[in-house]
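I have placed the structure first, in the form of structure tokens, so that the comments after it can refer back to it.
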Protein chains: 2
Amino acid sequence: MKKQQYIVSVDAGGTKILAALIDSNNTITSKAKKSTDAQNGAAVVIKRIIECIETVLAQANVKTNQLAAIVIGIPGSLNSQKGIVYLAPNLSWKNINVANPIKKHFNVPTLIENDANLGALGIHHFGLGKKYENLLGIFVGTGIGGGLIINNKIYRGKSFAAGEIGHIVIDPNGEKCGCGNYGCFEAIASRTAITREIKRVIKNGKKSVITKLTNNYDLIKSGTISSALKLNDKVTKRALKSASETIGLVIGNMSNLLDLDAVVLAGGLIEACGDFMLPIIRKNAEAVALPQNFKGMKIVNSSLGDNAALYGGIALAKEKGFLFGSKTN
Amino acid sequence: MKKQQYIVSVDAGGTKILAALIDSNNTITSKAKKSTDAQNGAAVVIKRIIECIETVLAQANVKTNQLAAIVIGIPGSLNSQKGIVYLAPNLSWKNINVANPIKKHFNVPTLIENDANLGALGIHHFGLGKKYENLLGIFVGTGIGGGLIINNKIYRGKSFAAGEIGHIVIDPNGEKCGCGNYGCFEAIASRTAITREIKRVIKNGKKSVITKLTNNYDLIKSGTISSALKLNDKVTKRALKSASETIGLVIGNMSNLLDLDAVVLAGGLIEACGDFMLPIIRKNAEAVALPQNFKGMKIVNSSLGDNAALYGGIALAKEKGFLFGSKTN
């Protein structure tokens, strides 16, 4: 047991795979990154996950028998007990057992978890400490993911599918969402939604610095949006303000329903544009929330950036009884 | 200890106070009812609660030293540990300690709890059994209340104010709500909202049987709405259908967020018109919910009627360690 001083934590996103080797002091000692290549099928993605894990091990000269567990975050609905991913649209996965082949390859216990759940758990244990018993993590990027910590644990629901805050319908007459519905939160306030809005306004003849920053309006990156913001671009500001207002409304509603200790915002868009967005989000949340529920509720940016889900892996490995170090704070 | 075979459970609503003496077989052995007379101030209401308790004791010839606990459900936000009601708009209460005077009067441990929480707990333990670990109770009447059972317990949140589903904002451009916001769930789908809509349509010249059933359009009772429904009144049907659609939307959203085992509907309007409303509610919930979340989620009427919160008192007394009988199912 003494040798098992490490875990590997993997964040398998729709565009990139991130892996980290983490030691018993909860320090990331080695990191690797690869494009996901989801279009080539699940077997290829699993192979690339394995390669990432091999890379972080080799870089630190750590052997597989020194690993207590491998934890993999997946952007989709899944059964963490069976190791099966039910549906991960951004990976084009349906009913894929991802835990087994990786477990077999390394002969190391392998856990899978929804990436937003893992992110919320990482934030809970390593971002804000354990002082927030009931916490909602909202991850705003290509889509909008949610992870709920209730009574200091991931809240998973009856079929491990809780936290799908991105598919709360805000406006039944709104834009079509990837899930098939109309007016979902992520169809209104994700980076994809903001991109669509900026594109629409430019097409209608409004001038925007965005046209100079990128040729690809279908995928305006968070960094590009941030650059336009710094250049005081009105089109970008307006789209971002509108999305922030909706995020605030949803947080106010969540406060009324769940009387949360904290809401932590993370994801590419928040990392790039959080300073602009946060004051608008807070103001709109306060307008909606009941005073007593709003009072004392923190609304903050995650301090962990890309690493939230990776750190979440440590907490999950502990929760599942894979002894590893002693500190989670 | 053997003598403490009873509890008294009180549901102190905005219009009426209900009290029940419950024995160790979880049977209501005596019941009393009084108007609340909230307009006469908190002291009067507390006096009337005490009178109700005395009545149920006298009717069954039970002495106060046979009581294990008194539990009181209050329609408002409160601190169940301190016994203080922070805000109960329907009682016009603000910062009232209701537990202490009653505890003093009877010399019996006295607990207070939000009435919707208590209702959800009653449904959980006595309406649907313990098979639903994560359950949302929605109480539709004058307003809309919510009670959340998470991991088989009342979920209270950081300041005991969770479950305020009636104040989730559905449509920021909607009708003004009692809380001061616009377009809250209860401003759109409560009996009060339906009453307002029926009144508006009649004023605009539409014919409705409601005009023959009541003279008071400002307070159309659930029973009157039910009678109009049986007479196939189009104005009533349309208003009720629209409210049911919104209730369905909210339940679908709750399913996506919380992946619930069950949603149980209760309250005066549901009791009176549930047969008409439920199919519309289910259809609209299914349209919004992600398939995996909707699958296996029950949406049902409470079988406990007015008694849900009263039965909740038994479960709360047990949860708080006041030994009382042995069965909660």
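In the structure tokens, chains take letters A, B, ... by order of appearance, with residues numbered from 1 within each chain and ligands from 1 in the order shown.
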Counting only C-alpha atoms, what are the residues of chain B within 7 Å of chain A, and for each of them which pair of atoms is the nearest and at what distance in Å, to one decimal? Sort the table by chain and rising number, as a Markdown table.
| residue | atom | partner | partner_atom | distance |
| --- | --- | --- | --- | --- |
| B:Gly157 | CA | A:Asp259 | CA | 4.7 |
| B:Lys158 | CA | A:Asp259 | CA | 5.8 |
| B:Ser159 | CA | A:Asp259 | CA | 6.7 |
| B:Ala161 | CA | A:Asp259 | CA | 5.8 |
| B:Ala162 | CA | A:Leu258 | CA | 4.6 |
| B:Gly163 | CA | A:Leu257 | CA | 4.6 |
| B:Glu164 | CA | A:Leu257 | CA | 5.0 |
| B:Ile165 | CA | A:Leu257 | CA | 5.3 |
| B:His167 | CA | A:Asn256 | CA | 6.6 |
| B:Ile168 | CA | A:Asn253 | CA | 4.8 |
| B:Val169 | CA | A:Asn253 | CA | 6.5 |
| B:Asn181 | CA | A:Val288 | CA | 6.9 |
| B:Asn253 | CA | A:Ile168 | CA | 4.8 |
| B:Asn256 | CA | A:Glu164 | CA | 5.2 |
| B:Leu257 | CA | A:Gly163 | CA | 4.6 |
| B:Leu258 | CA | A:Ala162 | CA | 4.6 |
| B:Asp259 | CA | A:Ala162 | CA | 4.6 |
| B:Leu260 | CA | A:Gly157 | CA | 6.0 |
| B:Asp261 | CA | A:Lys158 | CA | 5.8 |
| B:Val288 | CA | A:Val169 | CA | 6.9 |
| B:Asn293 | CA | A:Ala161 | CA | 6.3 |
Mind writing the picked residues with C-alpha atoms as a PDB file, in the first residue's frame?
ATOM      1  CA  GLY B 157     -30.118  24.572   2.818  1.00  0.00           C
ATOM      2  CA  LYS B 158     -27.765  27.027   4.505  1.00  0.00           C
ATOM      3  CA  SER B 159     -30.440  29.132   6.196  1.00  0.00           C
ATOM      4  CA  ALA B 161     -34.935  28.441   3.349  1.00  0.00           C
ATOM      5  CA  ALA B 162     -34.571  25.823   0.603  1.00  0.00           C
ATOM      6  CA  GLY B 163     -37.534  24.605  -1.423  1.00  0.00           C
ATOM      7  CA  GLU B 164     -38.941  28.016  -2.355  1.00  0.00           C
ATOM      8  CA  ILE B 165     -39.965  26.705  -5.744  1.00  0.00           C
ATOM      9  CA  HIS B 167     -40.377  31.982  -6.278  1.00  0.00           C
ATOM     10  CA  ILE B 168     -38.401  30.580  -9.153  1.00  0.00           C
ATOM     11  CA  VAL B 169     -38.768  33.210 -11.864  1.00  0.00           C
ATOM     12  CA  ASN B 181     -40.595  40.015  -8.246  1.00  0.00           C
ATOM     13  CA  ASN B 253     -36.588  21.353 -15.257  1.00  0.00           C
ATOM     14  CA  ASN B 256     -33.004  17.704 -15.299  1.00  0.00           C
ATOM     15  CA  LEU B 257     -31.443  19.396 -12.309  1.00  0.00           C
ATOM     16  CA  LEU B 258     -32.158  16.844  -9.582  1.00  0.00           C
ATOM     17  CA  ASP B 259     -32.867  13.542 -11.382  1.00  0.00           C
ATOM     18  CA  LEU B 260     -35.674  12.926  -8.899  1.00  0.00           C
ATOM     19  CA  ASP B 261     -37.326   9.645  -7.986  1.00  0.00           C
ATOM     20  CA  VAL B 288     -38.735  19.292 -21.154  1.00  0.00           C
ATOM     21  CA  ASN B 293     -33.971  11.753 -16.173  1.00  0.00           C
TER      22      ASN B 293
END
DSSP on the backbone, then: every residue of segment 52-138 of chain A marked strand (DSSP E or B), written as a PyMOL selection string.
chain A and resi 67-74+77-79+84-88+93-97+110-114+135-138
Check segment 77-209 of chain B with DSSP on the backbone and list each residue it calls alpha helix (DSSP H), as a JSON list (two decimals) with C-alpha atoms, in the first residue's frame.
[["chain", "number", "residue", "atom", "x", "y", "z"],
["B", 99, "ALA", "CA", -42.18, 27.50, 19.65],
["B", 100, "ASN", "CA", -41.39, 29.01, 23.08],
["B", 101, "PRO", "CA", -44.86, 30.16, 24.21],
["B", 102, "ILE", "CA", -46.41, 26.85, 23.17],
["B", 103, "LYS", "CA", -43.63, 24.83, 24.79],
["B", 104, "LYS", "CA", -44.09, 26.86, 27.98],
["B", 105, "HIS", "CA", -47.86, 26.50, 28.01],
["B", 106, "PHE", "CA", -47.86, 22.71, 27.70],
["B", 115, "ASP", "CA", -45.30, 23.53, 6.11],
["B", 116, "ALA", "CA", -44.19, 22.41, 2.64],
["B", 117, "ASN", "CA", -41.14, 20.65, 4.11],
["B", 118, "LEU", "CA", -43.43, 18.95, 6.58],
["B", 119, "GLY", "CA", -45.85, 18.02, 3.80],
["B", 120, "ALA", "CA", -43.03, 16.51, 1.73],
["B", 121, "LEU", "CA", -41.85, 14.57, 4.76],
["B", 122, "GLY", "CA", -45.38, 13.29, 5.42],
["B", 185, "PHE", "CA", -43.90, 30.29, -10.61],
["B", 186, "GLU", "CA", -46.66, 31.03, -8.08],
["B", 187, "ALA", "CA", -47.59, 34.26, -9.88],
["B", 188, "ILE", "CA", -48.22, 32.15, -12.99],
["B", 189, "ALA", "CA", -49.62, 28.82, -11.84],
["B", 191, "ARG", "CA", -54.93, 29.20, -7.71],
["B", 192, "THR", "CA", -54.51, 32.96, -7.23],
["B", 193, "ALA", "CA", -52.97, 33.26, -10.71],
["B", 194, "ILE", "CA", -55.73, 31.16, -12.27],
["B", 195, "THR", "CA", -58.34, 33.28, -10.49],
["B", 196, "ARG", "CA", -56.76, 36.44, -11.89],
["B", 197, "GLU", "CA", -56.72, 35.01, -15.41],
["B", 198, "ILE", "CA", -60.37, 33.87, -15.29],
["B", 199, "LYS", "CA", -61.40, 37.30, -13.99],
["B", 200, "ARG", "CA", -59.45, 39.03, -16.76],
["B", 201, "VAL", "CA", -61.03, 36.94, -19.51],
["B", 202, "ILE", "CA", -64.55, 37.44, -18.13],
["B", 203, "LYS", "CA", -63.94, 41.20, -17.90]]
Skip segment 303-314 of chain A itself and residues of its chain fewer than 4 positions away, then list as a PyMOL selection string all residues within 9 Å of it, counting only C-alpha atoms.
chain A and resi 7-11+18-20+22+26+28+70-73+111+113+115-128+266-268+271+318-319+324+328
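With distances restricted to only C-alpha atoms, A:Lys33 is the closest residue to Thr15 of chain A from A:Val300, A:Pro109, A:Lys176, A:Lys33.
We find atom CA of Ile225 of chain A and atom CA of Asp275 of chain A to be spaced 12.8 Å apart.
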